[in-house]
$ cat entry34.cif   # mmCIF, C-alpha atoms and all ligand atoms
data_data
#
loop_
_atom_site.label_atom_id
_atom_site.label_comp_id
_atom_site.auth_asym_id
_atom_site.auth_seq_id
_atom_site.Cartn_x
_atom_site.Cartn_y
_atom_site.Cartn_z
CA MET A 1 28.73 -79.81 29.32
CA ARG A 2 25.75 -77.81 30.49
CA LEU A 3 28.07 -74.88 30.98
CA LEU A 4 29.40 -75.27 27.47
CA PHE A 5 25.88 -75.39 26.00
CA SER A 6 24.94 -72.41 28.00
CA LEU A 7 27.96 -70.55 26.72
CA ILE A 8 27.26 -71.59 23.12
CA ALA A 9 23.58 -70.70 23.47
CA CYS A 10 24.52 -67.41 25.00
CA CYS A 11 27.03 -66.76 22.22
CA CYS A 12 24.41 -67.64 19.60
CA CYS A 13 22.00 -65.29 21.28
CA ALA A 14 24.68 -62.67 21.33
CA ALA A 15 25.45 -63.32 17.65
CA VAL A 16 21.77 -63.18 16.70
CA SER A 17 21.38 -60.15 18.84
CA ALA A 18 24.44 -58.61 17.23
CA ASN A 19 23.13 -59.49 13.74
CA ASP A 20 19.81 -57.94 14.66
CA LYS A 21 21.54 -54.84 15.81
CA GLN A 22 23.73 -54.79 12.74
CA ILE A 23 20.71 -53.80 10.69
CA ASP A 24 19.63 -51.32 13.27
CA PRO A 25 20.03 -47.92 11.62
CA LEU A 26 20.75 -46.38 14.99
CA ILE A 27 24.11 -48.11 15.13
CA SER A 28 26.90 -46.30 13.44
CA PRO A 29 28.99 -48.08 10.78
CA SER A 30 31.96 -48.06 13.16
CA SER A 31 29.88 -49.82 15.79
CA ARG A 32 28.82 -52.42 13.27
CA THR A 33 32.35 -53.22 12.29
CA LEU A 34 33.09 -53.88 15.91
CA LEU A 35 30.33 -56.39 16.30
CA PRO A 36 32.17 -59.60 15.31
CA THR A 37 34.98 -58.64 17.66
CA GLN A 38 32.47 -57.91 20.37
CA ALA A 39 30.77 -61.20 19.73
CA GLY A 40 34.13 -62.87 19.91
CA ALA A 41 35.05 -60.97 23.00
CA ARG A 42 31.83 -62.10 24.54
CA MET A 43 32.56 -65.67 23.57
CA TYR A 44 35.86 -65.59 25.33
CA GLY A 45 35.72 -62.58 27.53
CA GLY A 46 32.27 -63.56 28.57
CA ALA A 47 33.62 -66.82 29.82
CA VAL A 48 36.38 -64.94 31.49
CA GLY A 49 33.81 -62.57 32.79
CA LEU A 50 31.95 -65.47 34.23
CA SER A 51 34.99 -66.64 36.04
CA THR A 52 35.96 -63.16 37.11
CA THR A 53 32.62 -61.56 37.88
CA ALA A 54 30.78 -64.49 39.27
CA PRO A 55 31.16 -64.65 43.00
CA PRO A 56 32.80 -67.76 44.33
CA SER A 57 30.21 -70.37 44.94
CA LYS A 58 29.71 -71.19 48.49
CA THR A 59 26.99 -73.67 47.80
CA PRO A 60 27.67 -77.33 47.61
CA ALA A 61 25.58 -77.66 44.45
CA GLY A 62 28.65 -78.00 42.30
CA LYS A 63 30.32 -75.95 39.60
CA GLU A 64 27.29 -75.58 37.36
CA ALA A 65 25.05 -73.79 39.82
CA PRO A 66 27.25 -70.77 40.28
CA ALA A 67 27.71 -70.52 36.53
CA LYS A 68 23.96 -70.56 35.87
CA ASP A 69 23.35 -68.15 38.67
CA SER A 70 26.10 -65.99 37.38
CA LYS A 71 24.71 -66.09 33.82
CA ASP A 72 21.21 -65.27 34.99
CA SER A 73 22.58 -62.56 37.13
CA LYS A 74 24.60 -61.17 34.25
CA GLU A 75 21.64 -61.26 31.82
CA ALA A 76 19.50 -59.60 34.40
CA LYS A 77 22.20 -57.03 34.85
CA GLU A 78 22.52 -56.52 31.10
CA THR A 79 18.77 -56.12 30.73
CA LYS A 80 18.73 -53.68 33.59
CA GLU A 81 21.68 -51.78 32.25
CA THR A 82 20.24 -51.62 28.72
CA LYS A 83 16.95 -50.46 30.18
CA ASP A 84 18.72 -47.94 32.34
CA ALA A 85 20.82 -46.75 29.44
CA LYS A 86 17.74 -46.26 27.28
CA GLU A 87 15.82 -44.60 30.05
CA ALA A 88 18.68 -42.46 31.28
CA PRO A 89 20.96 -41.74 28.37
CA ALA A 90 22.69 -38.99 30.31
CA ALA A 91 24.18 -41.65 32.51
CA GLY A 92 25.62 -43.40 29.47
CA PRO A 93 29.30 -42.75 30.19
CA ARG A 94 29.01 -44.08 33.77
CA LYS A 95 27.16 -47.17 32.57
CA SER A 96 29.69 -47.65 29.81
CA ALA A 97 32.43 -47.54 32.37
CA GLU A 98 30.61 -50.02 34.55
CA ALA A 99 30.00 -52.28 31.57
CA ALA A 100 33.52 -51.98 30.30
CA GLY A 101 33.97 -55.68 30.49
CA ASP A 102 30.59 -56.49 28.92
CA PRO A 103 30.40 -56.02 25.12
CA GLU A 104 26.62 -56.25 24.94
CA ALA A 105 26.28 -53.72 27.68
CA GLU A 106 28.77 -51.55 25.83
CA LEU A 107 26.68 -51.93 22.71
CA SER A 108 23.57 -50.98 24.63
CA ALA A 109 25.37 -48.03 26.10
CA LYS A 110 26.46 -46.94 22.63
CA ILE A 111 22.92 -47.26 21.37
CA ALA A 112 21.72 -45.24 24.32
CA ALA A 113 24.40 -42.63 23.67
CA ARG A 114 23.42 -42.54 20.02
CA LEU A 115 19.76 -42.12 20.94
CA ALA A 116 20.71 -39.38 23.37
CA ALA A 117 22.71 -37.64 20.67
CA MET A 118 19.77 -37.89 18.27
CA ARG A 119 17.39 -36.55 20.89
CA ALA A 120 19.80 -33.72 21.60
CA THR A 121 20.00 -32.95 17.87
CA GLN A 122 16.22 -33.01 17.58
CA GLN A 123 15.87 -30.77 20.62
CA ALA A 124 18.47 -28.40 19.20
CA ARG A 125 16.62 -28.30 15.89
CA ALA A 126 13.32 -27.69 17.66
CA ALA A 127 14.92 -24.94 19.72
CA ALA A 128 16.43 -23.39 16.60
CA ALA A 129 13.06 -23.51 14.84
CA THR A 130 11.40 -21.88 17.84
CA ALA A 131 14.09 -19.21 17.97
CA HIS A 132 13.73 -18.61 14.23
CA ALA A 133 9.95 -18.28 14.57
CA LYS A 134 10.39 -15.87 17.48
CA LYS A 135 12.92 -13.82 15.52
CA ALA A 136 10.60 -13.69 12.50
CA ALA A 137 7.71 -12.60 14.72
CA ALA A 138 9.93 -9.95 16.35
CA THR A 139 11.05 -8.69 12.95
CA LYS A 140 7.44 -8.52 11.78
CA ALA A 141 6.41 -6.67 14.92
CA ALA A 142 9.32 -4.25 14.51
CA ALA A 143 8.34 -3.63 10.89
CA ALA A 144 4.77 -2.98 11.96
CA ALA A 145 6.00 -0.57 14.64
CA VAL A 146 8.11 1.46 12.18
CA PRO A 147 6.04 4.35 10.78
CA PRO A 148 5.45 4.20 7.03
CA PRO A 149 7.86 6.25 4.92
CA PRO A 150 6.68 9.75 4.05
CA LYS A 151 4.45 9.82 1.02
CA VAL A 152 6.26 10.70 -2.17
CA TYR A 153 4.17 13.31 -3.87
CA SER A 154 3.75 13.33 -7.58
CA ASN A 155 4.34 16.10 -10.08
CA VAL A 156 2.15 14.39 -12.63
CA TRP A 157 -1.05 16.17 -13.61
CA SER A 158 -3.36 16.14 -16.56
CA TYR A 159 -6.70 17.45 -17.76
CA GLU A 160 -8.79 14.35 -17.05
CA GLY A 161 -9.05 11.30 -14.82
CA GLU A 162 -7.28 10.74 -11.50
CA THR A 163 -4.64 13.38 -12.22
CA GLY A 164 -7.21 15.80 -13.61
CA PRO A 165 -8.09 19.31 -12.33
CA ALA A 166 -10.44 18.09 -9.59
CA ASN A 167 -7.50 16.27 -7.93
CA TRP A 168 -4.63 18.68 -8.56
CA ALA A 169 -4.68 19.99 -4.97
CA ARG A 170 -4.42 16.42 -3.60
CA ILE A 171 -1.57 15.30 -5.85
CA ASN A 172 1.01 17.57 -4.22
CA PRO A 173 0.81 19.79 -1.08
CA ALA A 174 2.60 22.54 -3.01
CA TRP A 175 -0.44 22.64 -5.25
CA ALA A 176 -2.92 23.28 -2.43
CA LYS A 177 -4.00 26.59 -3.98
CA CYS A 178 -5.54 24.67 -6.87
CA GLY A 179 -8.17 23.55 -4.36
CA SER A 180 -8.22 26.13 -1.59
CA GLY A 181 -7.47 29.37 -3.45
CA ASN A 182 -10.21 31.99 -3.86
CA ARG A 183 -8.60 33.82 -6.78
CA GLN A 184 -8.29 30.90 -9.15
CA SER A 185 -8.47 31.01 -12.93
CA PRO A 186 -10.05 30.63 -15.38
CA ILE A 187 -13.40 32.23 -14.66
CA ASP A 188 -16.58 32.93 -16.50
CA ILE A 189 -16.21 36.68 -17.05
CA ARG A 190 -19.53 38.35 -16.38
CA ASP A 191 -20.97 41.31 -14.51
CA GLY A 192 -17.87 43.34 -15.22
CA MET A 193 -17.70 46.91 -13.98
CA ARG A 194 -17.48 49.17 -17.02
CA VAL A 195 -14.91 51.90 -16.51
CA ASP A 196 -12.50 53.95 -18.54
CA LEU A 197 -9.70 51.48 -18.38
CA GLU A 198 -6.30 52.77 -19.37
CA GLN A 199 -4.98 51.45 -22.64
CA ILE A 200 -2.48 48.68 -22.49
CA ASN A 201 0.75 49.85 -24.08
CA PHE A 202 2.34 47.12 -26.19
CA ASP A 203 6.03 47.36 -26.99
CA TYR A 204 6.48 44.19 -29.02
CA HIS A 205 9.10 43.59 -31.74
CA PRO A 206 10.10 40.87 -34.17
CA SER A 207 12.00 38.47 -31.94
CA SER A 208 13.80 35.19 -31.93
CA PHE A 209 11.66 32.34 -30.64
CA ASN A 210 11.62 28.63 -30.10
CA VAL A 211 8.79 26.10 -29.98
CA THR A 212 8.35 23.25 -27.51
CA ASP A 213 5.68 20.58 -27.31
CA SER A 214 5.55 20.39 -23.50
CA GLY A 215 3.24 17.43 -23.33
CA LYS A 216 0.48 19.74 -22.07
CA THR A 217 0.49 22.38 -24.80
CA VAL A 218 2.58 24.01 -27.51
CA GLN A 219 4.73 26.67 -25.88
CA VAL A 220 6.66 29.46 -27.56
CA MET A 221 9.56 31.14 -25.77
CA VAL A 222 10.19 34.63 -27.08
CA GLY A 223 13.45 36.60 -27.11
CA ARG A 224 13.85 39.44 -24.65
CA GLY A 225 12.73 43.04 -25.14
CA ASN A 226 8.96 42.61 -25.60
CA PHE A 227 6.96 44.55 -23.00
CA LEU A 228 3.47 45.58 -22.11
CA SER A 229 2.75 48.40 -19.67
CA VAL A 230 -0.34 48.77 -17.53
CA GLY A 231 -0.97 50.29 -14.11
CA ASN A 232 2.43 51.98 -14.15
CA ARG A 233 4.14 48.62 -14.40
CA MET A 234 6.13 47.12 -17.22
CA TYR A 235 5.86 43.39 -17.79
CA GLU A 236 8.16 41.53 -20.16
CA LEU A 237 6.82 38.80 -22.43
CA VAL A 238 8.35 35.46 -21.52
CA GLN A 239 6.35 32.88 -23.43
CA PHE A 240 2.95 32.16 -24.95
CA HIS A 241 0.97 28.93 -25.27
CA PHE A 242 -2.39 27.57 -26.36
CA HIS A 243 -5.47 25.93 -24.83
CA ARG A 244 -8.35 24.17 -26.53
CA PRO A 245 -11.14 25.05 -25.91
CA SER A 246 -10.69 28.51 -24.42
CA GLU A 247 -10.38 28.38 -20.64
CA GLU A 248 -12.07 31.75 -20.19
CA ARG A 249 -15.71 32.28 -20.87
CA ILE A 250 -17.41 35.60 -21.57
CA ASN A 251 -20.91 35.65 -20.08
CA GLY A 252 -20.97 31.88 -20.35
CA LYS A 253 -19.68 31.76 -23.91
CA GLY A 254 -16.58 29.71 -24.65
CA TYR A 255 -14.27 30.00 -27.67
CA GLU A 256 -12.56 27.39 -29.76
CA MET A 257 -9.09 28.21 -28.44
CA VAL A 258 -7.20 30.79 -26.43
CA VAL A 259 -3.61 32.07 -26.46
CA HIS A 260 -2.04 32.96 -23.10
CA LEU A 261 0.89 35.39 -23.23
CA VAL A 262 2.82 35.23 -19.94
CA HIS A 263 4.56 38.43 -18.80
CA LYS A 264 6.65 39.11 -15.72
CA ASP A 265 7.79 42.37 -14.15
CA GLY A 266 11.09 42.95 -12.37
CA GLU A 267 9.63 41.71 -9.08
CA GLY A 268 8.32 38.48 -10.53
CA ARG A 269 4.67 39.57 -10.67
CA ILE A 270 2.79 37.99 -13.51
CA ALA A 271 0.52 39.67 -16.03
CA MET A 272 -1.36 37.24 -18.29
CA LEU A 273 -2.73 38.47 -21.60
CA ALA A 274 -5.46 36.23 -23.02
CA LEU A 275 -6.39 36.26 -26.71
CA LEU A 276 -9.55 34.34 -27.53
CA LEU A 277 -9.42 32.52 -30.90
CA GLU A 278 -12.35 32.08 -33.23
CA ARG A 279 -12.58 30.58 -36.72
CA GLY A 280 -11.79 32.94 -39.56
CA ARG A 281 -8.78 33.83 -41.63
CA ALA A 282 -5.35 32.30 -41.09
CA GLN A 283 -3.18 33.87 -38.43
CA PRO A 284 0.41 34.38 -39.67
CA ALA A 285 2.15 34.23 -36.24
CA ILE A 286 0.30 31.06 -35.31
CA GLN A 287 1.27 29.56 -38.67
CA GLN A 288 4.90 30.33 -37.89
CA VAL A 289 4.58 28.41 -34.64
CA TRP A 290 2.93 25.40 -36.28
CA ASN A 291 5.58 25.41 -39.02
CA ASN A 292 8.28 25.02 -36.37
CA LEU A 293 6.62 22.39 -34.17
CA PRO A 294 9.21 19.78 -33.07
CA LEU A 295 8.61 16.22 -34.17
CA GLU A 296 8.84 14.87 -30.62
CA LYS A 297 7.34 15.97 -27.30
CA MET A 298 9.70 17.75 -24.90
CA GLU A 299 11.95 18.70 -27.75
CA THR A 300 12.52 22.32 -28.75
CA MET A 301 12.88 23.78 -32.20
CA ALA A 302 14.69 27.13 -32.52
CA PRO A 303 14.27 28.47 -36.06
CA ALA A 304 16.50 31.15 -37.57
CA GLU A 305 13.52 33.36 -38.42
CA THR A 306 11.86 35.91 -36.12
CA LEU A 307 8.28 36.19 -34.88
CA ASP A 308 6.49 39.47 -34.12
CA PRO A 309 4.09 39.11 -31.18
CA MET A 310 2.26 42.21 -32.43
CA ASP A 311 0.89 40.01 -35.24
CA LEU A 312 -1.12 38.10 -32.64
CA LEU A 313 -3.02 41.10 -31.25
CA PRO A 314 -6.58 42.04 -32.29
CA ALA A 315 -7.25 45.43 -33.88
CA ARG A 316 -9.31 46.70 -30.98
CA ARG A 317 -7.65 46.77 -27.54
CA GLU A 318 -10.56 46.86 -25.07
CA TYR A 319 -10.19 44.30 -22.34
CA TYR A 320 -11.38 42.76 -19.09
CA THR A 321 -9.15 42.76 -16.06
CA PHE A 322 -9.28 40.99 -12.71
CA MET A 323 -6.98 39.13 -10.32
CA GLY A 324 -6.59 35.43 -10.79
CA SER A 325 -4.10 32.61 -10.91
CA MET A 326 -2.08 30.45 -13.23
CA THR A 327 -4.39 27.82 -14.72
CA THR A 328 -1.96 24.92 -14.24
CA PRO A 329 -0.37 23.52 -11.06
CA PRO A 330 0.75 24.95 -8.72
CA CYS A 331 -2.03 27.45 -9.52
CA GLU A 332 -0.17 30.37 -7.93
CA GLU A 333 -2.34 33.43 -7.40
CA ASN A 334 -1.75 37.18 -7.55
CA VAL A 335 -1.75 37.05 -11.34
CA LEU A 336 -3.04 40.14 -13.17
CA TRP A 337 -5.34 38.99 -15.96
CA LEU A 338 -5.92 41.03 -19.11
CA VAL A 339 -8.47 39.38 -21.46
CA MET A 340 -8.91 41.10 -24.80
CA LYS A 341 -12.57 41.57 -25.69
CA GLU A 342 -12.13 41.16 -29.43
CA PRO A 343 -11.32 37.59 -30.45
CA VAL A 344 -8.43 36.84 -32.78
CA GLN A 345 -9.11 34.80 -35.88
CA ALA A 346 -7.36 31.60 -36.89
CA SER A 347 -8.19 29.35 -39.83
CA PRO A 348 -10.06 26.06 -39.43
CA ALA A 349 -6.93 24.27 -40.63
CA GLN A 350 -4.87 25.98 -37.92
CA MET A 351 -7.47 24.98 -35.31
CA ALA A 352 -7.46 21.42 -36.60
CA PHE A 353 -3.69 21.27 -36.42
CA PHE A 354 -3.71 21.96 -32.69
CA SER A 355 -6.68 19.72 -31.97
CA ARG A 356 -4.74 16.77 -33.38
CA LEU A 357 -2.11 17.39 -30.70
CA TYR A 358 -4.32 18.51 -27.83
CA PRO A 359 -8.05 18.03 -28.33
CA TYR A 360 -8.69 19.10 -24.72
CA ASN A 361 -6.25 20.97 -22.49
CA ALA A 362 -8.39 23.44 -20.55
CA ARG A 363 -9.01 23.76 -16.83
CA PRO A 364 -12.71 24.18 -15.97
CA VAL A 365 -13.91 27.60 -14.82
CA GLN A 366 -13.38 28.39 -11.15
CA PRO A 367 -15.64 30.27 -8.70
CA GLY A 368 -15.56 34.06 -9.02
CA SER A 369 -15.61 34.30 -5.19
CA GLY A 370 -16.78 37.92 -5.32
CA ARG A 371 -13.73 39.23 -7.07
CA ILE A 372 -13.99 42.50 -8.95
CA ILE A 373 -13.95 42.38 -12.75
CA LYS A 374 -13.40 45.59 -14.60
CA GLU A 375 -13.91 46.05 -18.35
CA SER A 376 -13.26 48.78 -20.89
CA ASN A 377 -16.22 50.89 -21.88
ZN ZN A 401 -2.46 29.04 -20.14
#
$ encode --input "entry34.cif" --output "structure tokens" --more "lines below"
Ligand SMILES: [Zn+2]
Amino acid sequence: MRLLFSLIACCCCAAVSANDKQIDPLISPSSRTLLPTQAGARMYGGAVGLSTTAPPSKTPAGKEAPAKDSKDSKEAKETKETKDAKEAPAAGPRKSAEAAGDPEAELSAKIAARLAAMRATQQARAAAATAHAKKAAATKAAAAAVPPPPKVYSNVWSYEGETGPANWARINPAWAKCGSGNRQSPIDIRDGMRVDLEQINFDYHPSSFNVTDSGKTVQVMVGRGNFLSVGNRMYELVQFHFHRPSEERINGKGYEMVVHLVHKDGEGRIAMLALLLERGRAQPAIQQVWNNLPLEKMETMAPAETLDPMDLLPARREYYTFMGSMTTPPCEENVLWLVMKEPVQASPAQMAFFSRLYPYNARPVQPGSGRIIKESN
């Protein structure tokens, strides 16, 4: 009877233990479904196990003593095996093999294996996280080691603010002359050397033309065949445009506007004729330009009529001459300047028209840097 009670008690313990483990989240659903069978196996197999694993009693204490000893021994073994399995999950398969005939030991071994698998997963995740962090750090270091891309220089300039004349040379290396040149324009024309300057020969004709609002000024392209000759060179008129106020000064005096007529010779040398504008009567050629102003910037209007550049010139043809530059980026030098002494008149309405478009589009005066200025007697 004592053996029977022991078996029942042991089975109950196993059942309770199994029930406890059934709610253990570490046990997989498949393990749980096995539990009743395991419990049953223990109930019967355990008894078999007792008879098979318990050593034959050599004591005279009767049948019960070996059974109890065997049970105690088995429980001790189970406890040890469970402990071993938990402490040394890597040995799980060997323990499982050893405990093949012991369902509870098998269960413990499975738990241990499950724990080992979870630990392995956690370690793998930790390793992956470490590797990811290392890779990110390496990528960051590589990015820091790569030199920055070459600076993209701008072609944007204006007459004020960050893109204004004081910064033109820094906006683009090709515009370095705007800052470092020593023959820059415009200048304050003073202390000219009075000489018998040759007359400028103008060979201008009524010509086709078109008008563009460039975003910096109003520019007029003129048809071919309009020349001026000076210093044994012929320069062909290419275009003319306007600035407000005048870029040039005469002995410190500025004018309300100026017209720049750009000429080029066969070798690409530039001769710039400057006509200072003051308030007075209406100027017919300027009116023609205003009449044909496009409605939008960067658009060009090409009227059917012709324009005679001769209409722009003053009656008297005395002038100042010196070497200078273009007054807009890239500020190229070696430009022959011819500034007519007599201003050209334009009406207040014509001045106001331009000032609505461009109230200020003039580069400040540049250092004379000892250059020679000659003027007509
Ligand atoms: Zn100009």
$ closest_residue --input "entry34.cif" --among "A:Ile189, A:Val258, A:Ala116, A:Leu277" --to "A:Asn361" --atoms "only C-alpha atoms"
A:Val258
$ residues_near_ligand --input "entry34.cif" --ligand "ligand ZN 401 (chain A)" --cutoff "9 Å" --atoms "only C-alpha atoms and all ligand atoms" --output "number ranges by chain"
A: 217, 240-243, 247, 258-262, 272, 274, 326-328, 362
$ closest_residue --input "entry34.cif" --among "A:Thr300, A:Gln366, A:Ser376, A:Gln123" --to "A:Gln219" --atoms "all atoms listed in the file"
A:Thr300
$ residues_around --input "entry34.cif" --residues "A:Gln287" --least-positions-apart "5" --cutoff "9 Å" --atoms "only C-alpha atoms" --output "list in words"
Ala282, Asn292 and Gln350 of chain A
$ atom_distance --input "entry34.cif" --atom1 "atom CA of A:Gly181" --atom2 "atom CA of A:Asn167"
13.8 Å
$ atom_distance --input "entry34.cif" --atom1 "atom CA of A:Ala271" --atom2 "atom CA of A:Asn251"
22.2 Å
$ residues_around --input "entry34.cif" --residues "A:Gly223" --least-positions-apart "6" --cutoff "12 Å" --atoms "all atoms listed in the file" --output "list of chain:residue names"
A:Tyr204, A:His205, A:Pro206, A:Ser207, A:Ser208, A:Phe209, A:Asn210, A:Val211, A:Glu236, A:Leu237, A:Val238, A:Gln239, A:Phe240, A:Ala302, A:Glu305, A:Thr306, A:Leu307, A:Asp308, A:Pro309
$ closest_residue --input "entry34.cif" --among "A:Ala145, A:Ile286, A:Leu312, A:Ala113" --to "A:Ala349" --atoms "only C-alpha atoms"
A:Ile286
$ atom_distance --input "entry34.cif" --atom1 "atom CA of A:Pro245" --atom2 "atom CA of A:Met323"
21.4 Å
$ build_atoms --input "entry34.cif" --residues "stretch 233-254 of chain A" --atoms "N, CA and C atoms" --output "PDB file, in the coordinates of the input"
ATOM      1  N   ARG A 233       3.178  49.724 -14.495  1.00  0.00           N
ATOM      2  CA  ARG A 233       4.140  48.620 -14.400  1.00  0.00           C
ATOM      3  C   ARG A 233       4.459  48.105 -15.799  1.00  0.00           C
ATOM      4  N   MET A 234       5.690  47.727 -15.968  1.00  0.00           N
ATOM      5  CA  MET A 234       6.130  47.120 -17.220  1.00  0.00           C
ATOM      6  C   MET A 234       6.336  45.621 -17.007  1.00  0.00           C
ATOM      7  N   TYR A 235       5.722  44.850 -17.865  1.00  0.00           N
ATOM      8  CA  TYR A 235       5.860  43.390 -17.790  1.00  0.00           C
ATOM      9  C   TYR A 235       6.498  42.906 -19.089  1.00  0.00           C
ATOM     10  N   GLU A 236       7.464  42.041 -18.972  1.00  0.00           N
ATOM     11  CA  GLU A 236       8.160  41.530 -20.160  1.00  0.00           C
ATOM     12  C   GLU A 236       7.549  40.192 -20.592  1.00  0.00           C
ATOM     13  N   LEU A 237       7.352  40.065 -21.888  1.00  0.00           N
ATOM     14  CA  LEU A 237       6.820  38.800 -22.430  1.00  0.00           C
ATOM     15  C   LEU A 237       7.871  37.698 -22.283  1.00  0.00           C
ATOM     16  N   VAL A 238       7.456  36.609 -21.716  1.00  0.00           N
ATOM     17  CA  VAL A 238       8.350  35.460 -21.520  1.00  0.00           C
ATOM     18  C   VAL A 238       8.010  34.350 -22.519  1.00  0.00           C
ATOM     19  N   GLN A 239       6.765  33.980 -22.551  1.00  0.00           N
ATOM     20  CA  GLN A 239       6.350  32.880 -23.430  1.00  0.00           C
ATOM     21  C   GLN A 239       4.861  32.995 -23.712  1.00  0.00           C
ATOM     22  N   PHE A 240       4.394  32.322 -24.749  1.00  0.00           N
ATOM     23  CA  PHE A 240       2.950  32.160 -24.950  1.00  0.00           C
ATOM     24  C   PHE A 240       2.647  30.716 -25.331  1.00  0.00           C
ATOM     25  N   HIS A 241       1.391  30.326 -25.039  1.00  0.00           N
ATOM     26  CA  HIS A 241       0.970  28.930 -25.270  1.00  0.00           C
ATOM     27  C   HIS A 241      -0.523  28.892 -25.560  1.00  0.00           C
ATOM     28  N   PHE A 242      -1.023  27.716 -25.847  1.00  0.00           N
ATOM     29  CA  PHE A 242      -2.390  27.570 -26.360  1.00  0.00           C
ATOM     30  C   PHE A 242      -3.213  26.595 -25.502  1.00  0.00           C
ATOM     31  N   HIS A 243      -4.521  26.864 -25.449  1.00  0.00           N
ATOM     32  CA  HIS A 243      -5.470  25.930 -24.830  1.00  0.00           C
ATOM     33  C   HIS A 243      -6.633  25.698 -25.795  1.00  0.00           C
ATOM     34  N   ARG A 244      -7.176  24.502 -25.736  1.00  0.00           N
ATOM     35  CA  ARG A 244      -8.350  24.170 -26.530  1.00  0.00           C
ATOM     36  C   ARG A 244      -9.308  23.359 -25.682  1.00  0.00           C
ATOM     37  N   PRO A 245     -10.554  23.767 -25.488  1.00  0.00           N
ATOM     38  CA  PRO A 245     -11.140  25.050 -25.910  1.00  0.00           C
ATOM     39  C   PRO A 245     -10.594  26.185 -25.053  1.00  0.00           C
ATOM     40  N   SER A 246     -11.148  27.379 -25.248  1.00  0.00           N
ATOM     41  CA  SER A 246     -10.690  28.510 -24.420  1.00  0.00           C
ATOM     42  C   SER A 246     -11.015  28.212 -22.966  1.00  0.00           C
ATOM     43  N   GLU A 247     -10.105  28.579 -22.061  1.00  0.00           N
ATOM     44  CA  GLU A 247     -10.380  28.380 -20.640  1.00  0.00           C
ATOM     45  C   GLU A 247     -11.370  29.441 -20.145  1.00  0.00           C
ATOM     46  N   GLU A 248     -11.183  30.665 -20.618  1.00  0.00           N
ATOM     47  CA  GLU A 248     -12.070  31.750 -20.190  1.00  0.00           C
ATOM     48  C   GLU A 248     -13.401  31.661 -20.933  1.00  0.00           C
ATOM     49  N   ARG A 249     -14.403  32.106 -20.238  1.00  0.00           N
ATOM     50  CA  ARG A 249     -15.710  32.280 -20.870  1.00  0.00           C
ATOM     51  C   ARG A 249     -16.114  33.738 -20.682  1.00  0.00           C
ATOM     52  N   ILE A 250     -16.892  34.236 -21.661  1.00  0.00           N
ATOM     53  CA  ILE A 250     -17.410  35.600 -21.570  1.00  0.00           C
ATOM     54  C   ILE A 250     -18.925  35.476 -21.476  1.00  0.00           C
ATOM     55  N   ASN A 251     -19.470  35.813 -20.315  1.00  0.00           N
ATOM     56  CA  ASN A 251     -20.910  35.650 -20.080  1.00  0.00           C
ATOM     57  C   ASN A 251     -21.372  34.247 -20.481  1.00  0.00           C
ATOM     58  N   GLY A 252     -20.600  33.277 -20.105  1.00  0.00           N
ATOM     59  CA  GLY A 252     -20.970  31.880 -20.350  1.00  0.00           C
ATOM     60  C   GLY A 252     -20.523  31.337 -21.691  1.00  0.00           C
ATOM     61  N   LYS A 253     -20.052  32.209 -22.567  1.00  0.00           N
ATOM     62  CA  LYS A 253     -19.680  31.760 -23.910  1.00  0.00           C
ATOM     63  C   LYS A 253     -18.199  31.365 -23.981  1.00  0.00           C
ATOM     64  N   GLY A 254     -17.953  30.162 -24.465  1.00  0.00           N
ATOM     65  CA  GLY A 254     -16.580  29.710 -24.650  1.00  0.00           C
ATOM     66  C   GLY A 254     -16.132  29.931 -26.086  1.00  0.00           C
TER      67      GLY A 254
END
